[in-house]
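*Asks:* So I've got this file, query.csv, and it contains CSV, C-alpha atoms:
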```csv
chain,number,residue,atom,x,y,z
Z,18,PRO,CA,32.2,-18.9,-0.5
Z,19,SER,CA,36.0,-19.1,0.1
Z,20,ALA,CA,35.4,-21.7,2.9
Z,21,LEU,CA,32.7,-23.7,1.2
Z,22,SER,CA,33.8,-23.3,-2.4
Z,23,PHE,CA,30.2,-22.6,-3.4
Z,24,THR,CA,27.4,-20.0,-2.8
Z,25,LEU,CA,23.9,-20.5,-1.7
Z,26,ASN,CA,22.7,-17.4,-3.5
Z,27,SER,CA,20.7,-17.8,-6.7
Z,28,ASP,CA,18.5,-15.4,-8.7
Z,29,ILE,CA,14.7,-15.5,-8.2
Z,30,GLU,CA,13.0,-17.5,-10.9
Z,31,THR,CA,10.5,-15.1,-12.5
Z,32,VAL,CA,7.6,-16.1,-14.8
Z,33,TYR,CA,9.5,-14.4,-17.7
Z,34,SER,CA,12.7,-16.3,-17.1
Z,35,TYR,CA,10.8,-19.6,-16.5
Z,36,LEU,CA,9.0,-19.3,-19.8
Z,37,ASP,CA,12.0,-17.9,-21.7
Z,38,LYS,CA,14.1,-21.0,-20.9
Z,39,ARG,CA,11.2,-23.2,-22.2
Z,40,GLY,CA,10.4,-21.2,-25.3
Z,41,GLY,CA,7.0,-20.1,-24.0
Z,42,LEU,CA,7.2,-16.3,-24.0
Z,43,ALA,CA,4.2,-16.3,-26.5
Z,44,VAL,CA,2.0,-17.0,-23.5
Z,45,LEU,CA,2.7,-13.5,-22.1
Z,46,SER,CA,1.8,-11.8,-25.4
Z,47,ASP,CA,-1.4,-13.8,-26.0
Z,48,PRO,CA,-4.5,-11.5,-25.9
Z,49,GLU,CA,-6.2,-13.9,-23.4
Z,50,ILE,CA,-3.5,-13.4,-20.8
Z,51,ALA,CA,-5.3,-10.3,-19.4
Z,52,LYS,CA,-8.5,-12.3,-18.7
Z,53,ALA,CA,-6.7,-15.3,-17.4
Z,54,THR,CA,-4.8,-13.2,-14.8
Z,55,LEU,CA,-7.6,-10.9,-13.9
Z,56,ALA,CA,-7.9,-10.2,-10.2
Z,57,VAL,CA,-11.5,-11.0,-9.2
Z,58,SER,CA,-12.5,-9.2,-6.1
Z,59,TYR,CA,-15.3,-10.4,-3.8
Z,60,ASP,CA,-17.0,-7.0,-3.5
Z,61,PRO,CA,-20.3,-7.1,-1.5
Z,62,SER,CA,-21.7,-4.4,-3.9
Z,63,ILE,CA,-21.3,-6.7,-6.9
Z,64,PRO,CA,-23.9,-9.4,-7.4
Z,65,ARG,CA,-22.6,-12.9,-6.6
Z,66,GLU,CA,-23.7,-14.2,-10.0
Z,67,GLN,CA,-21.5,-11.6,-11.7
Z,68,ILE,CA,-18.5,-12.6,-9.6
Z,69,ASP,CA,-19.1,-16.3,-10.3
Z,70,GLN,CA,-19.3,-15.5,-14.1
Z,71,ALA,CA,-16.0,-13.6,-14.0
Z,72,VAL,CA,-14.3,-16.5,-12.2
Z,73,LYS,CA,-15.7,-18.9,-14.7
Z,74,GLU,CA,-14.5,-16.9,-17.7
Z,75,LYS,CA,-11.1,-16.5,-16.1
Z,76,ASN,CA,-10.7,-20.3,-15.6
Z,77,GLU,CA,-11.8,-20.9,-19.1
Z,78,ALA,CA,-9.2,-18.5,-20.4
Z,79,VAL,CA,-6.5,-20.3,-18.3
Z,80,ASN,CA,-7.5,-23.6,-19.8
Z,81,ARG,CA,-7.4,-22.3,-23.4
Z,82,LEU,CA,-4.0,-20.8,-22.9
Z,83,CYS,CA,-2.6,-24.0,-21.4
Z,84,GLN,CA,-3.9,-26.1,-24.3
Z,85,LYS,CA,-2.8,-23.6,-27.0
Z,86,HIS,CA,0.8,-23.1,-25.9
Z,87,ALA,CA,1.7,-26.5,-24.4
Z,88,SER,CA,4.8,-28.1,-26.0
Z,89,GLU,CA,7.4,-30.8,-25.3
Z,90,ASP,CA,9.4,-28.3,-23.2
Z,91,LEU,CA,6.4,-26.6,-21.6
Z,92,SER,CA,3.5,-28.7,-20.2
Z,93,GLU,CA,0.0,-27.4,-19.5
Z,94,GLU,CA,0.8,-27.6,-15.8
Z,95,ASP,CA,3.9,-25.4,-16.3
Z,96,ILE,CA,1.8,-22.8,-18.1
Z,97,LYS,CA,-0.9,-22.9,-15.5
Z,98,TYR,CA,1.7,-22.4,-12.8
Z,99,CYS,CA,3.0,-19.3,-14.6
Z,100,ILE,CA,-0.5,-17.9,-15.3
Z,101,LEU,CA,-1.5,-18.3,-11.6
Z,102,SER,CA,1.7,-16.6,-10.5
Z,103,VAL,CA,0.9,-13.5,-12.7
Z,104,GLY,CA,-2.6,-13.7,-11.2
Z,105,ASP,CA,-1.2,-13.6,-7.7
Z,106,LEU,CA,0.7,-10.4,-8.6
Z,107,ASN,CA,-2.5,-8.8,-9.9
Z,108,THR,CA,-4.4,-9.9,-6.8
Z,109,TYR,CA,-1.7,-8.5,-4.5
Z,110,VAL,CA,-1.8,-5.2,-6.4
Z,111,ASP,CA,-5.6,-5.0,-6.4
Z,112,PHE,CA,-5.8,-5.8,-2.7
Z,113,ASN,CA,-3.0,-3.5,-1.5
Z,114,ARG,CA,-3.4,-0.6,-3.9
Z,115,GLY,CA,-7.1,-0.5,-3.5
Z,116,PRO,CA,-7.1,1.3,-0.1
Z,117,VAL,CA,-4.7,3.9,-1.5
Z,118,ASP,CA,-6.8,4.5,-4.5
Z,119,ARG,CA,-9.9,4.8,-2.3
Z,120,MET,CA,-8.1,7.2,0.0
Z,121,ILE,CA,-7.1,9.4,-2.9
Z,122,GLN,CA,-10.7,9.4,-4.0
Z,123,LEU,CA,-11.9,10.4,-0.5
Z,124,LEU,CA,-9.4,13.2,-0.3
Z,125,LYS,CA,-10.6,14.7,-3.7
Z,126,GLU,CA,-14.3,14.1,-2.9
Z,127,ASN,CA,-14.4,15.7,0.5
Z,128,PHE,CA,-11.8,18.4,0.3
Z,129,SER,CA,-10.6,20.9,-2.3
Z,130,ARG,CA,-7.1,22.3,-2.8
Z,131,SER,CA,-8.4,25.8,-2.4
Z,132,GLY,CA,-10.0,25.1,1.0
Z,133,GLU,CA,-13.5,26.3,0.1
Z,134,GLU,CA,-15.1,23.9,2.5
Z,135,SER,CA,-15.9,24.9,6.1
Z,136,LYS,CA,-13.0,25.9,8.3
Z,137,ARG,CA,-14.1,23.2,10.6
Z,138,TYR,CA,-12.6,20.7,8.2
Z,139,ALA,CA,-9.6,22.7,7.1
Z,140,LEU,CA,-6.3,20.8,6.7
Z,141,GLU,CA,-4.0,23.5,8.0
Z,142,ILE,CA,-1.4,22.4,10.5
Z,143,MET,CA,1.0,24.3,12.7
Z,144,SER,CA,4.3,23.1,14.2
Z,145,GLY,CA,4.0,22.5,17.9
Z,146,MET,CA,0.2,22.1,17.8
Z,147,ARG,CA,-1.2,18.6,18.6
Z,148,GLY,CA,2.2,17.1,18.0
Z,149,SER,CA,2.7,18.4,14.6
Z,150,LYS,CA,6.3,19.0,13.4
Z,151,LEU,CA,5.3,20.8,10.2
Z,152,SER,CA,3.5,24.0,9.4
Z,153,HIS,CA,1.4,23.9,6.2
Z,154,SER,CA,-1.6,26.0,5.0
Z,155,HIS,CA,-4.7,24.1,3.9
Z,156,SER,CA,-3.7,24.0,0.2
Z,157,THR,CA,-0.1,23.0,1.0
Z,158,GLN,CA,-1.2,20.2,3.3
Z,159,TYR,CA,-3.8,19.0,0.7
Z,160,THR,CA,-1.0,18.8,-1.9
Z,161,PHE,CA,1.4,17.2,0.6
Z,162,VAL,CA,-1.1,14.4,1.4
Z,163,LEU,CA,-2.1,13.9,-2.2
Z,164,GLN,CA,1.5,13.6,-3.3
Z,165,SER,CA,2.3,11.2,-0.5
Z,166,LEU,CA,-0.7,9.0,-1.4
Z,167,LEU,CA,0.3,9.0,-5.1
Z,168,LEU,CA,3.8,8.0,-4.2
Z,169,TRP,CA,2.5,5.1,-2.0
Z,170,ARG,CA,0.3,4.0,-4.8
Z,171,GLN,CA,3.2,3.8,-7.2
Z,172,VAL,CA,5.4,1.9,-4.7
Z,173,THR,CA,2.6,-0.6,-4.0
Z,174,GLN,CA,2.2,-1.0,-7.8
Z,175,ASP,CA,5.9,-1.9,-8.1
Z,176,MET,CA,6.3,-3.9,-4.9
Z,177,PHE,CA,7.1,-7.2,-6.6
Z,178,ARG,CA,9.9,-5.6,-8.6
Z,179,LEU,CA,11.2,-3.8,-5.5
Z,180,TRP,CA,11.2,-7.1,-3.5
Z,181,ILE,CA,13.5,-8.7,-6.2
Z,182,LEU,CA,15.8,-5.7,-6.0
Z,183,ALA,CA,15.8,-5.8,-2.2
Z,184,GLU,CA,17.0,-9.4,-2.3
Z,185,LYS,CA,19.8,-8.5,-4.8
Z,186,ASP,CA,20.9,-5.7,-2.4
Z,187,LEU,CA,20.8,-7.9,0.7
Z,188,LEU,CA,22.6,-10.9,-0.8
Z,189,LYS,CA,25.2,-9.2,-2.9
Z,190,GLU,CA,28.5,-10.6,-1.5
Z,191,GLU,CA,30.4,-7.3,-2.0
Z,192,ASN,CA,27.7,-5.4,-0.1
Z,193,SER,CA,28.9,-5.9,3.4
Z,194,TYR,CA,26.9,-4.9,6.5
Z,195,ARG,CA,27.5,-3.9,10.1
Z,196,LEU,CA,25.5,-4.5,13.2
Z,197,MET,CA,24.5,-1.3,14.8
Z,198,ASN,CA,22.1,0.0,17.5
Z,199,THR,CA,19.8,2.3,15.4
Z,200,GLY,CA,17.6,3.3,18.4
Z,201,GLN,CA,15.2,0.4,17.4
Z,202,GLY,CA,17.5,-2.3,18.7
Z,203,MET,CA,20.4,-4.0,16.9
Z,204,ASN,CA,20.0,-3.9,13.1
Z,205,ARG,CA,21.9,-5.0,10.1
Z,206,VAL,CA,22.9,-1.7,8.5
Z,207,GLN,CA,23.6,-2.1,4.8
Z,208,THR,CA,23.4,0.0,1.7
Z,209,ALA,CA,20.7,-0.7,-0.8
Z,210,PRO,CA,21.8,0.8,-4.2
Z,211,LYS,CA,19.3,-1.0,-6.4
Z,212,ILE,CA,16.4,-0.2,-4.2
Z,213,ALA,CA,17.6,3.4,-3.8
Z,214,GLN,CA,17.8,3.8,-7.6
Z,215,ALA,CA,14.4,2.3,-8.1
Z,216,MET,CA,12.9,4.5,-5.4
Z,217,HIS,CA,14.4,7.7,-6.9
Z,218,ASN,CA,13.0,6.7,-10.3
Z,219,ILE,CA,9.5,6.2,-8.8
Z,220,LEU,CA,9.8,9.5,-6.9
Z,221,HIS,CA,10.9,11.4,-10.1
Z,222,LYS,CA,7.9,9.8,-12.0
Z,223,VAL,CA,5.4,11.1,-9.4
Z,224,GLN,CA,7.2,14.5,-9.1
Z,225,ALA,CA,7.1,14.9,-12.9
Z,226,ALA,CA,3.4,14.2,-13.0
Z,227,GLU,CA,2.7,16.6,-10.0
Z,228,GLY,CA,4.9,19.5,-10.9
Z,229,SER,CA,6.0,21.3,-7.8
Z,230,TRP,CA,6.8,19.0,-4.8
Z,231,VAL,CA,5.9,19.7,-1.2
Z,232,GLY,CA,8.4,18.5,1.4
Z,233,LEU,CA,11.8,16.8,1.2
Z,234,SER,CA,12.8,14.3,-1.5
Z,235,VAL,CA,15.2,12.4,0.8
Z,236,VAL,CA,14.9,8.6,0.6
Z,237,HIS,CA,16.4,7.0,3.8
Z,238,LEU,CA,18.2,3.7,3.1
Z,239,GLY,CA,21.2,2.2,4.8
Z,240,ASP,CA,21.0,4.5,7.9
Z,241,ARG,CA,19.4,4.5,11.4
Z,242,ASP,CA,16.0,5.3,10.0
Z,243,VAL,CA,15.9,2.5,7.3
Z,244,PRO,CA,18.8,0.2,8.0
Z,245,ASN,CA,18.5,-2.1,5.0
Z,246,ALA,CA,16.4,-3.1,2.0
Z,247,LEU,CA,14.3,-5.6,4.1
Z,248,VAL,CA,13.3,-2.9,6.5
Z,249,PHE,CA,12.3,-0.7,3.5
Z,250,ILE,CA,10.1,-3.5,2.1
Z,251,ASP,CA,8.5,-4.1,5.5
Z,252,LYS,CA,7.7,-0.4,5.9
Z,253,TYR,CA,5.9,-0.1,2.5
Z,254,THR,CA,4.0,-3.4,2.8
Z,255,GLN,CA,2.2,-1.9,5.8
Z,256,ILE,CA,0.4,0.8,3.7
Z,257,ALA,CA,-2.7,-1.2,3.0
Z,258,ARG,CA,-2.8,-2.4,6.6
Z,259,MET,CA,-2.9,1.3,7.7
Z,260,LEU,CA,-5.3,2.7,5.2
Z,261,GLY,CA,-7.7,-0.4,4.9
Z,262,PRO,CA,-9.3,-0.1,8.3
Z,263,ILE,CA,-9.8,3.7,7.8
Z,264,VAL,CA,-11.5,3.1,4.4
Z,265,GLN,CA,-13.6,0.3,5.9
Z,266,THR,CA,-14.9,2.5,8.7
Z,267,ILE,CA,-15.6,5.5,6.4
Z,268,GLU,CA,-17.6,3.2,4.0
Z,269,ALA,CA,-19.5,1.7,6.9
Z,270,LEU,CA,-20.9,5.0,8.1
Z,271,PRO,CA,-24.0,5.2,6.0
Z,272,THR,CA,-25.1,1.7,7.0
Z,273,LEU,CA,-24.3,2.4,10.7
Z,274,ALA,CA,-26.4,5.6,10.5
Z,275,LYS,CA,-29.4,3.6,9.3
Z,276,ASP,CA,-29.1,0.5,11.5
Z,277,PRO,CA,-31.5,0.8,14.4
Z,278,SER,CA,-28.9,-0.5,16.9
Z,279,THR,CA,-26.3,2.1,16.0
Z,280,SER,CA,-28.2,5.0,14.3
Z,281,ARG,CA,-28.6,6.9,17.5
Z,282,VAL,CA,-24.9,6.8,18.3
Z,283,ILE,CA,-23.9,8.0,14.8
Z,284,ASN,CA,-26.6,10.6,14.3
Z,285,GLU,CA,-26.9,12.1,17.8
Z,286,GLN,CA,-23.6,11.5,19.5
Z,287,TYR,CA,-21.4,12.1,16.5
Z,288,GLY,CA,-23.5,14.5,14.4
Z,289,GLY,CA,-24.4,12.2,11.5
Z,290,PRO,CA,-22.4,10.2,8.9
Z,291,ASP,CA,-21.4,13.2,6.7
Z,292,HIS,CA,-19.9,15.2,9.6
Z,293,LEU,CA,-18.2,12.0,11.0
Z,294,ARG,CA,-16.7,11.1,7.6
Z,295,LYS,CA,-15.2,14.6,7.2
Z,296,ALA,CA,-14.0,14.8,10.8
Z,297,ILE,CA,-12.2,11.4,10.6
Z,298,LEU,CA,-10.6,12.2,7.2
Z,299,ALA,CA,-9.6,15.7,8.2
Z,300,ASP,CA,-7.9,14.4,11.4
Z,301,PHE,CA,-6.1,11.7,9.4
Z,302,PHE,CA,-5.1,14.0,6.6
Z,303,LYS,CA,-3.8,16.5,9.1
Z,304,HIS,CA,-2.1,14.5,11.8
Z,305,GLY,CA,-1.3,11.4,9.8
Z,306,PHE,CA,0.9,13.7,7.7
Z,307,ASP,CA,2.2,16.2,10.1
Z,308,GLY,CA,5.8,15.0,10.5
Z,309,SER,CA,5.2,13.5,13.9
Z,310,GLY,CA,6.8,10.3,15.2
Z,311,SER,CA,10.3,9.4,16.4
Z,312,ASP,CA,11.9,9.8,12.9
Z,313,GLY,CA,9.1,11.7,11.2
Z,314,GLY,CA,9.3,14.9,9.1
Z,315,SER,CA,8.5,15.7,5.5
Z,316,CYS,CA,11.1,13.2,3.9
Z,317,ILE,CA,9.8,10.2,2.0
Z,318,ASP,CA,10.3,7.8,4.9
Z,319,GLY,CA,8.9,10.3,7.5
Z,320,ARG,CA,5.5,10.4,5.8
Z,321,LEU,CA,5.0,6.7,6.6
Z,322,THR,CA,6.3,7.2,10.2
Z,323,SER,CA,3.7,10.0,10.7
Z,324,ALA,CA,0.9,7.8,9.4
Z,325,TRP,CA,1.9,5.0,11.7
Z,326,ASN,CA,2.1,7.4,14.6
Z,327,TRP,CA,-1.5,8.5,14.0
Z,328,CYS,CA,-2.6,4.8,13.8
Z,329,SER,CA,-0.9,4.1,17.2
Z,330,LYS,CA,-3.0,6.8,18.8
Z,331,LEU,CA,-6.4,5.8,17.3
Z,332,GLU,CA,-7.6,4.3,20.6
Z,333,LYS,CA,-7.4,7.8,22.2
Z,334,LYS,CA,-9.6,9.4,19.5
Z,335,ASP,CA,-13.1,10.5,20.3
Z,336,TYR,CA,-14.5,8.6,17.3
Z,337,TYR,CA,-12.6,5.3,18.2
Z,338,PRO,CA,-15.9,3.6,19.2
Z,339,VAL,CA,-17.1,4.2,15.6
Z,340,PHE,CA,-14.2,2.1,14.3
Z,341,LEU,CA,-15.2,-0.7,16.7
Z,342,LEU,CA,-18.8,-0.5,15.4
Z,343,ALA,CA,-17.5,-0.8,11.9
Z,344,GLY,CA,-15.7,-4.0,12.8
Z,345,PHE,CA,-12.2,-2.7,13.5
Z,346,GLN,CA,-10.0,-5.3,15.2
Z,347,GLY,CA,-6.6,-3.6,14.8
Z,348,PHE,CA,-4.3,-2.6,12.0
Z,349,ASP,CA,-2.9,-6.2,12.0
Z,350,GLY,CA,-6.4,-7.7,11.6
Z,351,ASP,CA,-8.3,-10.1,13.8
Z,352,PHE,CA,-5.9,-12.8,15.2
Z,353,ARG,CA,-8.9,-14.8,16.6
Z,354,LYS,CA,-9.8,-16.0,13.1
```
Could you write out this structure as structure tokens?

*Replies:*
Amino acid sequence: PSALSFTLNSDIETVYSYLDKRGGLAVLSDPEIAKATLAVSYDPSIPREQIDQAVKEKNEAVNRLCQKHASEDLSEEDIKYCILSVGDLNTYVDFNRGPVDRMIQLLKENFSRSGEESKRYALEIMSGMRGSKLSHSHSTQYTFVLQSLLLWRQVTQDMFRLWILAEKDLLKEENSYRLMNTGQGMNRVQTAPKIAQAMHNILHKVQAAEGSWVGLSVVHLGDRDVPNALVFIDKYTQIARMLGPIVQTIEALPTLAKDPSTSRVINEQYGGPDHLRKAILADFFKHGFDGSGSDGGSCIDGRLTSAWNWCSKLEKKDYYPVFLLAGFQGFDGDFRK
């Protein structure tokens, strides 16, 4: 700024600020805004006619809002632009939070906190066994996994707000950085006070709802583990990419067990869809949350590291062929498309 006499930094234009400057905040309080910004998922289990009807009703609500609130300062196109932006947020949350919600459901449906199910599927882990760095009884591990998933759910829900805060931390002129070899190459190490405060608020919200907390509450930011706010954002946007393929495979098991071309593999080689479902989930809930990985542990960041460490070893699992049968192409998707 001293050399150029101006700055290239500017605040992100939000839907709220855009409408506020044009006297259009009434759009956001209109009862039809919920229908106009609804995330319509193309779920194979839902009849196509029902999905088409939902899309039609959504588009009609958008048009009514545009016509109702248009003014000299706010055109119908401006309003549509804002509505679609809110819709993008809802679609993002629906797509990325969905796998977390489903994983929480699978944990509760297939395991109990008390561990009444067969010892074959117990979630107990012991430090030093199969790479684990933590020692937890079944009930403690169940709680540790559930609390981690609930935290990820809340972070995913708030991702757009966190992204805005990350930019503020990265671009604040008084917030200098230094280049440092963090063990993962040269990184820009910079404090992230706004993200840190937001994460502590999210963490406290989840902790208050859960009561007692298992593991550490340390949030790494501005250090060798999470050098800056951008790395933080990148880590947490991977959650759906990790959990999505696991959920996809679990949900494909009943179909694979009935398909003549795959039923013998599922039922004879792997003991049937019920056993396979619990075996895969038990392995993930144990060793995807066992503190493993280069910077793992029970801290907030370490939970993600452990899950990624499990994903990196999927090809070595006995049940990896089942993932392939379910259409697994990798945790980054299929690059051939």

*Asks:* Please report as JSON lines every residue of stretch 156-264 of chain Z lying within 12 Å of stretch 323-327 of chain Z, along with the nearest atom pair and their distance in Å (one decimal), using only C-alpha atoms.

*Replies:*
```
{"residue": "Z:Val162", "atom": "CA", "partner": "Z:Ala324", "partner_atom": "CA", "distance": 10.6}
{"residue": "Z:Ser165", "atom": "CA", "partner": "Z:Ala324", "partner_atom": "CA", "distance": 10.6}
{"residue": "Z:Leu166", "atom": "CA", "partner": "Z:Ala324", "partner_atom": "CA", "distance": 11.0}
{"residue": "Z:Trp169", "atom": "CA", "partner": "Z:Ala324", "partner_atom": "CA", "distance": 11.8}
{"residue": "Z:Lys252", "atom": "CA", "partner": "Z:Trp325", "partner_atom": "CA", "distance": 9.8}
{"residue": "Z:Tyr253", "atom": "CA", "partner": "Z:Trp325", "partner_atom": "CA", "distance": 11.3}
{"residue": "Z:Gln255", "atom": "CA", "partner": "Z:Trp325", "partner_atom": "CA", "distance": 9.1}
{"residue": "Z:Ile256", "atom": "CA", "partner": "Z:Ala324", "partner_atom": "CA", "distance": 9.0}
{"residue": "Z:Ala257", "atom": "CA", "partner": "Z:Ala324", "partner_atom": "CA", "distance": 11.6}
{"residue": "Z:Arg258", "atom": "CA", "partner": "Z:Trp325", "partner_atom": "CA", "distance": 10.1}
{"residue": "Z:Met259", "atom": "CA", "partner": "Z:Trp325", "partner_atom": "CA", "distance": 7.3}
{"residue": "Z:Leu260", "atom": "CA", "partner": "Z:Ala324", "partner_atom": "CA", "distance": 9.1}
{"residue": "Z:Ile263", "atom": "CA", "partner": "Z:Trp327", "partner_atom": "CA", "distance": 11.4}
```

*Asks:* So what do you get for atom CA of Z:Tyr98 versus atom CA of Z:Leu25, distance-wise?

*Replies:*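 Straight-line distance from atom CA of Z:Tyr98 to atom CA of Z:Leu25 works out to 24.9 Å.
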
*Asks:* With only C-alpha atoms as the basis for distance, which of Z:Gly314, Z:Glu133, Z:Leu342, Z:Val79 is at the shortest distance from Z:Leu270?

*Replies:*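 Residue with the minimum atom-to-atom distance to Z:Leu270: Z:Leu342.
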
*Asks:* With all atoms listed in the file as the basis for distance, which of Z:Tyr35, Z:Gly228, Z:Asn192, Z:Glu285 is at the shortest distance from Z:Arg205?

*Replies:* Z:Asn192

*Asks:* Write out as a PyMOL selection string each polymer residue whose atoms come within 8 Å of Z:Ile212, counting all atoms listed in the file; drop sequence neighbours fewer than 3 positions from it.

*Replies:* chain Z and resi 179+182-183+186+209+215-216+246

*Asks:* Which is closer to Z:Ala53 than all the others in Z:Ile100, Z:Gln224, Z:Thr108, Z:Gln286, using all atoms listed in the file?

*Replies:*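 The shortest atom-to-atom distance to Z:Ala53 comes from Z:Ile100.
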
*Asks:* Between Z:Leu91, Z:Leu273, Z:Leu238, Z:Ala299, which one has atoms that come closest to Z:Ser135, using all atoms listed in the file?

*Replies:*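 Among the listed residues, Z:Ala299 lies closest to Z:Ser135.
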
*Asks:* List the spatial neighbours of Z:Gly319 as a list in words - criterion: any atom at most 12 Å away, all atoms listed in the file, same-chain residues fewer than 6 positions off excluded.

*Replies:* Lys150, Leu151, Ser165, Gly232, Leu233, Ser234, Val235, Val236, His237, Asp242, Val243, Lys252, Tyr253, Gly305, Phe306, Asp307, Gly308, Ser309, Gly310, Ser311, Asp312, Gly313, Trp325 and Asn326 of chain Z

*Asks:* For Z:Val264, work out the shell of residues within 8 Å, counting all atoms listed in the file and skipping chain neighbours fewer than 4 positions away, then give it as a VMD selection string.

*Replies:* chain Z and resid 116 119 to 120 260 268

*Asks:* Would you mind writing stretch 54-60 of chain Z with all heavy atoms, as a PDB file, in the frame of the given file?

*Replies:*
```pdb
ATOM      1  N   THR Z  54      -5.473 -13.695 -16.033  1.00  0.00           N
ATOM      2  CA  THR Z  54      -4.800 -13.200 -14.800  1.00  0.00           C
ATOM      3  C   THR Z  54      -5.527 -12.141 -14.094  1.00  0.00           C
ATOM      4  O   THR Z  54      -4.992 -11.490 -13.204  1.00  0.00           O
ATOM      5  CB  THR Z  54      -3.363 -12.740 -15.177  1.00  0.00           C
ATOM      6  OG1 THR Z  54      -3.464 -11.662 -16.123  1.00  0.00           O
ATOM      7  CG2 THR Z  54      -2.519 -13.857 -15.779  1.00  0.00           C
ATOM      8  N   LEU Z  55      -6.777 -11.938 -14.467  1.00  0.00           N
ATOM      9  CA  LEU Z  55      -7.600 -10.900 -13.900  1.00  0.00           C
ATOM     10  C   LEU Z  55      -7.794 -11.135 -12.370  1.00  0.00           C
ATOM     11  O   LEU Z  55      -8.065 -12.253 -11.937  1.00  0.00           O
ATOM     12  CB  LEU Z  55      -8.964 -10.837 -14.559  1.00  0.00           C
ATOM     13  CG  LEU Z  55      -9.969  -9.800 -14.055  1.00  0.00           C
ATOM     14  CD1 LEU Z  55      -9.500  -8.398 -14.426  1.00  0.00           C
ATOM     15  CD2 LEU Z  55     -11.358 -10.074 -14.642  1.00  0.00           C
ATOM     16  N   ALA Z  56      -7.649 -10.078 -11.596  1.00  0.00           N
ATOM     17  CA  ALA Z  56      -7.900 -10.200 -10.200  1.00  0.00           C
ATOM     18  C   ALA Z  56      -9.414 -10.004  -9.931  1.00  0.00           C
ATOM     19  O   ALA Z  56      -9.979  -8.947 -10.192  1.00  0.00           O
ATOM     20  CB  ALA Z  56      -7.143  -9.090  -9.403  1.00  0.00           C
ATOM     21  N   VAL Z  57     -10.075 -11.055  -9.467  1.00  0.00           N
ATOM     22  CA  VAL Z  57     -11.500 -11.000  -9.200  1.00  0.00           C
ATOM     23  C   VAL Z  57     -11.742 -10.742  -7.742  1.00  0.00           C
ATOM     24  O   VAL Z  57     -11.427 -11.571  -6.887  1.00  0.00           O
ATOM     25  CB  VAL Z  57     -12.191 -12.343  -9.624  1.00  0.00           C
ATOM     26  CG1 VAL Z  57     -13.694 -12.270  -9.355  1.00  0.00           C
ATOM     27  CG2 VAL Z  57     -11.917 -12.659 -11.090  1.00  0.00           C
ATOM     28  N   SER Z  58     -12.260  -9.562  -7.441  1.00  0.00           N
ATOM     29  CA  SER Z  58     -12.500  -9.200  -6.100  1.00  0.00           C
ATOM     30  C   SER Z  58     -13.898  -9.544  -5.617  1.00  0.00           C
ATOM     31  O   SER Z  58     -14.855  -9.363  -6.372  1.00  0.00           O
ATOM     32  CB  SER Z  58     -12.304  -7.642  -5.893  1.00  0.00           C
ATOM     33  OG  SER Z  58     -11.002  -7.261  -6.269  1.00  0.00           O
ATOM     34  N   TYR Z  59     -13.998 -10.051  -4.398  1.00  0.00           N
ATOM     35  CA  TYR Z  59     -15.300 -10.400  -3.800  1.00  0.00           C
ATOM     36  C   TYR Z  59     -15.902  -9.186  -3.156  1.00  0.00           C
ATOM     37  O   TYR Z  59     -15.894  -9.058  -1.935  1.00  0.00           O
ATOM     38  CB  TYR Z  59     -15.181 -11.604  -2.909  1.00  0.00           C
ATOM     39  CG  TYR Z  59     -14.872 -12.876  -3.659  1.00  0.00           C
ATOM     40  CD1 TYR Z  59     -13.564 -13.250  -3.923  1.00  0.00           C
ATOM     41  CD2 TYR Z  59     -15.897 -13.686  -4.153  1.00  0.00           C
ATOM     42  CE1 TYR Z  59     -13.270 -14.411  -4.643  1.00  0.00           C
ATOM     43  CE2 TYR Z  59     -15.623 -14.839  -4.865  1.00  0.00           C
ATOM     44  CZ  TYR Z  59     -14.298 -15.198  -5.098  1.00  0.00           C
ATOM     45  OH  TYR Z  59     -14.015 -16.336  -5.814  1.00  0.00           O
ATOM     46  N   ASP Z  60     -16.400  -8.286  -3.976  1.00  0.00           N
ATOM     47  CA  ASP Z  60     -17.000  -7.000  -3.500  1.00  0.00           C
ATOM     48  C   ASP Z  60     -18.452  -7.236  -3.180  1.00  0.00           C
ATOM     49  O   ASP Z  60     -19.221  -7.683  -4.033  1.00  0.00           O
ATOM     50  CB  ASP Z  60     -16.818  -5.969  -4.603  1.00  0.00           C
ATOM     51  CG  ASP Z  60     -17.198  -4.568  -4.129  1.00  0.00           C
ATOM     52  OD1 ASP Z  60     -18.014  -4.461  -3.194  1.00  0.00           O
ATOM     53  OD2 ASP Z  60     -16.674  -3.597  -4.702  1.00  0.00           O
TER      54      ASP Z  60
END
```
